[in-house]
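Undergrad: If you scroll down you'll find the structure; I have some questions about it.
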Amino acid sequence: MMKTANSMDDDDEEEEELVDDEEDVEESERPSKRNKTREGSHDDEDENDEDDEEDDDEMVDENEEDEDEEEEEDYNEDRYNDKWRQSPDLVKKLPAELDSKTASQSSNNSGTTTTNINNKPEIKTLEELNDSNKNSYVVLPGYGEHKRAVSSVKYAPSRILKKDRPTAAVCASSSADGYIKLWNVQHSSPGGDESGGLAGNRSIITRSLLEPSVTCGGHTRGINDIAWNPISPFLASASDDKTVRLWDMLTGDALVEYRGHDSFVFCVDQYQHMIVSGSFDETVKLWDIRSGDCVSTLPAHSDPVTSVSFNRDGTVVCSSSHDGLIRLWDVATGECLKTIYAAGNPPVCHAKFSPNSKYILSGTLMDATLRLWPVNRTGSNLCAKTYKSEMHTNVKYSIVADFTCDGNIVTGSETGKVILYDLQSQEVLQALSCHEDAVLAVSAHDKLPLLASGAMMNDRRVYFWAPRSFRF
């Protein structure tokens, strides 16, 4: 039972209940257990997740204010397998700032949109996609770099930045080298052309390596995931050293270390006073962010947990796993509210709530497909939309996806491209090329048309993207 369940919702407005306890858990077809590995295997079984139905609510609310031990020999040598340095002593305390801050939430219902998901989008050439209009994304000249593969990139929420800097943009990145780096994205801008936008011909832009404004080191093994606190400049990290850590990104200081997982910690998320983490030990743990205590352990899955995500008011957690399941958990009681899985039960490498928390975006291995699932349709296991392209491949790594500020979807690909999908039409809007290895990490700014991406060992770079017409 959660220590802080009652305190988390004091300042939140009441919302419509996501699921009906009596009807939500549907597991009539129990999936088979899979090997514990980051790599997926090929499967000839076709997916059939397409259904025509009208959506009762808008898919994404664009104006939403709020979101040391040696390991086993078979550990994936391509990612996160070296001890980097001994961790410092951590101070188990937080600034009083966190206790005084609260987040107000609001929700807006919009009109109905209907899309026939049986219609396959027409494939355009890469040149047609990238040169179709002046607002297509181009890579900014400045880039970040790590010593090993980039595992995660996350833009800081706009609400935690200074109010007198509405166009400020900072992005954190983590890596298998055990470090977290903070990048000032404005320093990556070329300054614009005469029209105030970015230079039209990106081939003549000289790329330059940025200096990170903050660097955090302390994990003894590689970092798999990072997550910002939505109301404070604190960043949580999940590592193969079996710990979760909290960092003050203003100073780079480590604040709290959370211990309790029995294997690699693969994913993490934050909501105000709570942290949720998922591990290769097949459990999901909830932590009190201030004390460092584990307040709940959920026996969530039968294979490694690949992602965790809070909904926008912190009352529900979504988890995904290589066992092919997506599950919704009540934070207060630890009860499983709903179980979702795709036909054929492909391993799920990522799942997260939409900004309005009415949908879940998931990505699966083998079939390289993104799916949008409604969370308020009790007794239903049907996805609302699917996103798939020949330019988007994902059969080996856990690649993430994110929602852009204008309500579209961005994801990485093992081809080295960053793929931008139209949320409603499901068409590929743009395929961005710059990386020289698989792109595992992507992030979109919550208010500005900015993207970030990070790639594997043969590249190790963090690139930032903006429309040609954008200026800071």
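Each chain in the structure tokens gets a letter, A, B, ..., in the order shown, and its residues are numbered from 1; ligands are numbered from 1 in order too.
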What's the 10 Å shell around Ala368 in chain A, counting only C-alpha atoms, without same-chain residues fewer than 5 positions away, as a list in words?
TA: Pro346, Cys349, Gly363, Tyr387, Lys388, Ser389, Glu390, His392, Thr393, Asn394, Val395, Lys396, Ile399, Ser413 and Glu414 of chain A
Undergrad: Determine, using only C-alpha atoms, which residues of range 225-275 of chain A have any atom at most 9 Å from an atom of range 298-317 of chain A, and tabulate each with its shortest atom pair and distance in Å to one decimal place, rows ordered by chain and then rising number, as a tab-separated table.
TA:
```
residue	atom	partner	partner_atom	distance
A:Val265	CA	A:Val305	CA	8.7
A:Phe266	CA	A:Thr306	CA	6.2
A:Cys267	CA	A:Ser307	CA	5.2
A:Val268	CA	A:Val308	CA	6.1
A:Asp269	CA	A:Ser309	CA	5.7
A:Gln270	CA	A:Phe310	CA	7.1
A:Tyr271	CA	A:Gly314	CA	5.9
A:Gln272	CA	A:Gly314	CA	8.2
A:Met274	CA	A:Gly314	CA	8.2
```
Undergrad: Between CA of Leu325 in chain A and CA of Tyr341 in chain A, measure the distance and give it in Å to one decimal.
TA: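 CA of Tyr341 in chain A lies 5.0 Å from CA of Leu325 in chain A.
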Undergrad: For the structure I just gave you, how does DSSP split range 137-371 of chain A - specifically, which residues are strand (DSSP E)? Reply as an MDAnalysis selection string.
TA: chainID A and resid 137:139 142:145 150:155 170:175 179:184 208:209 214:217 223:228 234:239 243:248 253:259 265:271 274:279 284:288 294:298 305:310 316:321 326:330 336:340 348:353 359:364 369:371
Undergrad: May I have the residues within 6 Å of Phe464 in chain A as a PyMOL selection string, using only C-alpha atoms and disregarding those fewer than 5 positions away in the same chain?
TA: chain A and resi 139-140+451-452
Undergrad: Would you list the contacts of range 444-448 of chain A as a PyMOL selection string, taking every protein, DNA or RNA residue within 7 Å and counting only C-alpha atoms, but skipping same-chain residues closer than 2 positions in sequence?
TA: chain A and resi 155+157-158+402-405+450-452
Undergrad: Just the selected residues (N, CA, C and O atoms), exported as a PDB file, in the first residue's frame, please.
TA:
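File written: result_13.pdb
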```
ATOM      1  N   TYR A 155      13.895  15.934 -23.363  1.00  0.00           N
ATOM      2  CA  TYR A 155      13.777  17.379 -23.190  1.00  0.00           C
ATOM      3  C   TYR A 155      13.191  17.685 -21.816  1.00  0.00           C
ATOM      4  O   TYR A 155      12.271  16.996 -21.352  1.00  0.00           O
ATOM      5  N   PRO A 157      10.816  19.496 -19.201  1.00  0.00           N
ATOM      6  CA  PRO A 157       9.490  20.113 -19.312  1.00  0.00           C
ATOM      7  C   PRO A 157       9.599  21.633 -19.294  1.00  0.00           C
ATOM      8  O   PRO A 157      10.376  22.204 -18.518  1.00  0.00           O
ATOM      9  N   SER A 158       8.826  22.287 -20.134  1.00  0.00           N
ATOM     10  CA  SER A 158       8.926  23.742 -20.244  1.00  0.00           C
ATOM     11  C   SER A 158       8.532  24.434 -18.941  1.00  0.00           C
ATOM     12  O   SER A 158       9.024  25.526 -18.651  1.00  0.00           O
ATOM     13  N   ASP A 402       7.645   9.002 -29.145  1.00  0.00           N
ATOM     14  CA  ASP A 402       7.182  10.137 -28.352  1.00  0.00           C
ATOM     15  C   ASP A 402       6.152  10.922 -29.160  1.00  0.00           C
ATOM     16  O   ASP A 402       6.072  10.801 -30.387  1.00  0.00           O
ATOM     17  N   PHE A 403       5.364  11.744 -28.454  1.00  0.00           N
ATOM     18  CA  PHE A 403       4.397  12.636 -29.080  1.00  0.00           C
ATOM     19  C   PHE A 403       5.027  14.013 -29.268  1.00  0.00           C
ATOM     20  O   PHE A 403       5.626  14.556 -28.330  1.00  0.00           O
ATOM     21  N   THR A 404       4.881  14.594 -30.441  1.00  0.00           N
ATOM     22  CA  THR A 404       5.401  15.935 -30.700  1.00  0.00           C
ATOM     23  C   THR A 404       4.424  16.981 -30.174  1.00  0.00           C
ATOM     24  O   THR A 404       3.269  16.683 -29.871  1.00  0.00           O
ATOM     25  N   CYS A 405       4.878  18.231 -30.106  1.00  0.00           N
ATOM     26  CA  CYS A 405       4.038  19.296 -29.564  1.00  0.00           C
ATOM     27  C   CYS A 405       2.832  19.585 -30.447  1.00  0.00           C
ATOM     28  O   CYS A 405       1.828  20.124 -29.959  1.00  0.00           O
ATOM     29  N   LEU A 450      10.703  20.977 -31.520  1.00  0.00           N
ATOM     30  CA  LEU A 450      12.081  20.527 -31.424  1.00  0.00           C
ATOM     31  C   LEU A 450      12.109  19.031 -31.163  1.00  0.00           C
ATOM     32  O   LEU A 450      11.329  18.518 -30.360  1.00  0.00           O
ATOM     33  N   LEU A 451      13.027  18.335 -31.828  1.00  0.00           N
ATOM     34  CA  LEU A 451      13.228  16.909 -31.621  1.00  0.00           C
ATOM     35  C   LEU A 451      14.674  16.672 -31.201  1.00  0.00           C
ATOM     36  O   LEU A 451      15.555  17.487 -31.477  1.00  0.00           O
ATOM     37  N   ALA A 452      14.919  15.554 -30.541  1.00  0.00           N
ATOM     38  CA  ALA A 452      16.269  15.111 -30.206  1.00  0.00           C
ATOM     39  C   ALA A 452      16.349  13.620 -30.473  1.00  0.00           C
ATOM     40  O   ALA A 452      15.359  12.895 -30.351  1.00  0.00           O
TER      41      ALA A 452
END
```
Undergrad: Return the single residue from A:Gln430, A:Ser151, A:Ser398, A:Thr297 that is closest to Ala455 in chain A, with distances computed using only C-alpha atoms.
TA: A:Ser151
Undergrad: Give me, please, the distance in Å between CA of Leu382 in chain A and CA of Leu337 in chain A, quoted to one decimal.
TA: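 Value for the CA of Leu382 in chain A-CA of Leu337 in chain A distance: 16.1 Å.
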Undergrad: Mind giving me the straight-line distance from CA of Ala332 in chain A to CA of Thr283 in chain A in Å, one decimal?
TA: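 These two atoms are separated by 16.7 Å.
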Undergrad: Which of these, A:Gln186, A:Ser173, A:Thr215, A:Ser237, has the shortest distance to Arg471 in chain A once you count only C-alpha atoms?
TA: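 Using only C-alpha atoms, Arg471 in chain A sits closest to A:Gln186.
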Undergrad: Considering only C-alpha atoms, can you say which of A:Ala401, A:His219, A:Gly278, A:Asn229 comes closest to Thr369 in chain A?
TA: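 Comparing A:Ala401, A:His219, A:Gly278, A:Asn229 against Thr369 in chain A, the winner is A:Ala401.
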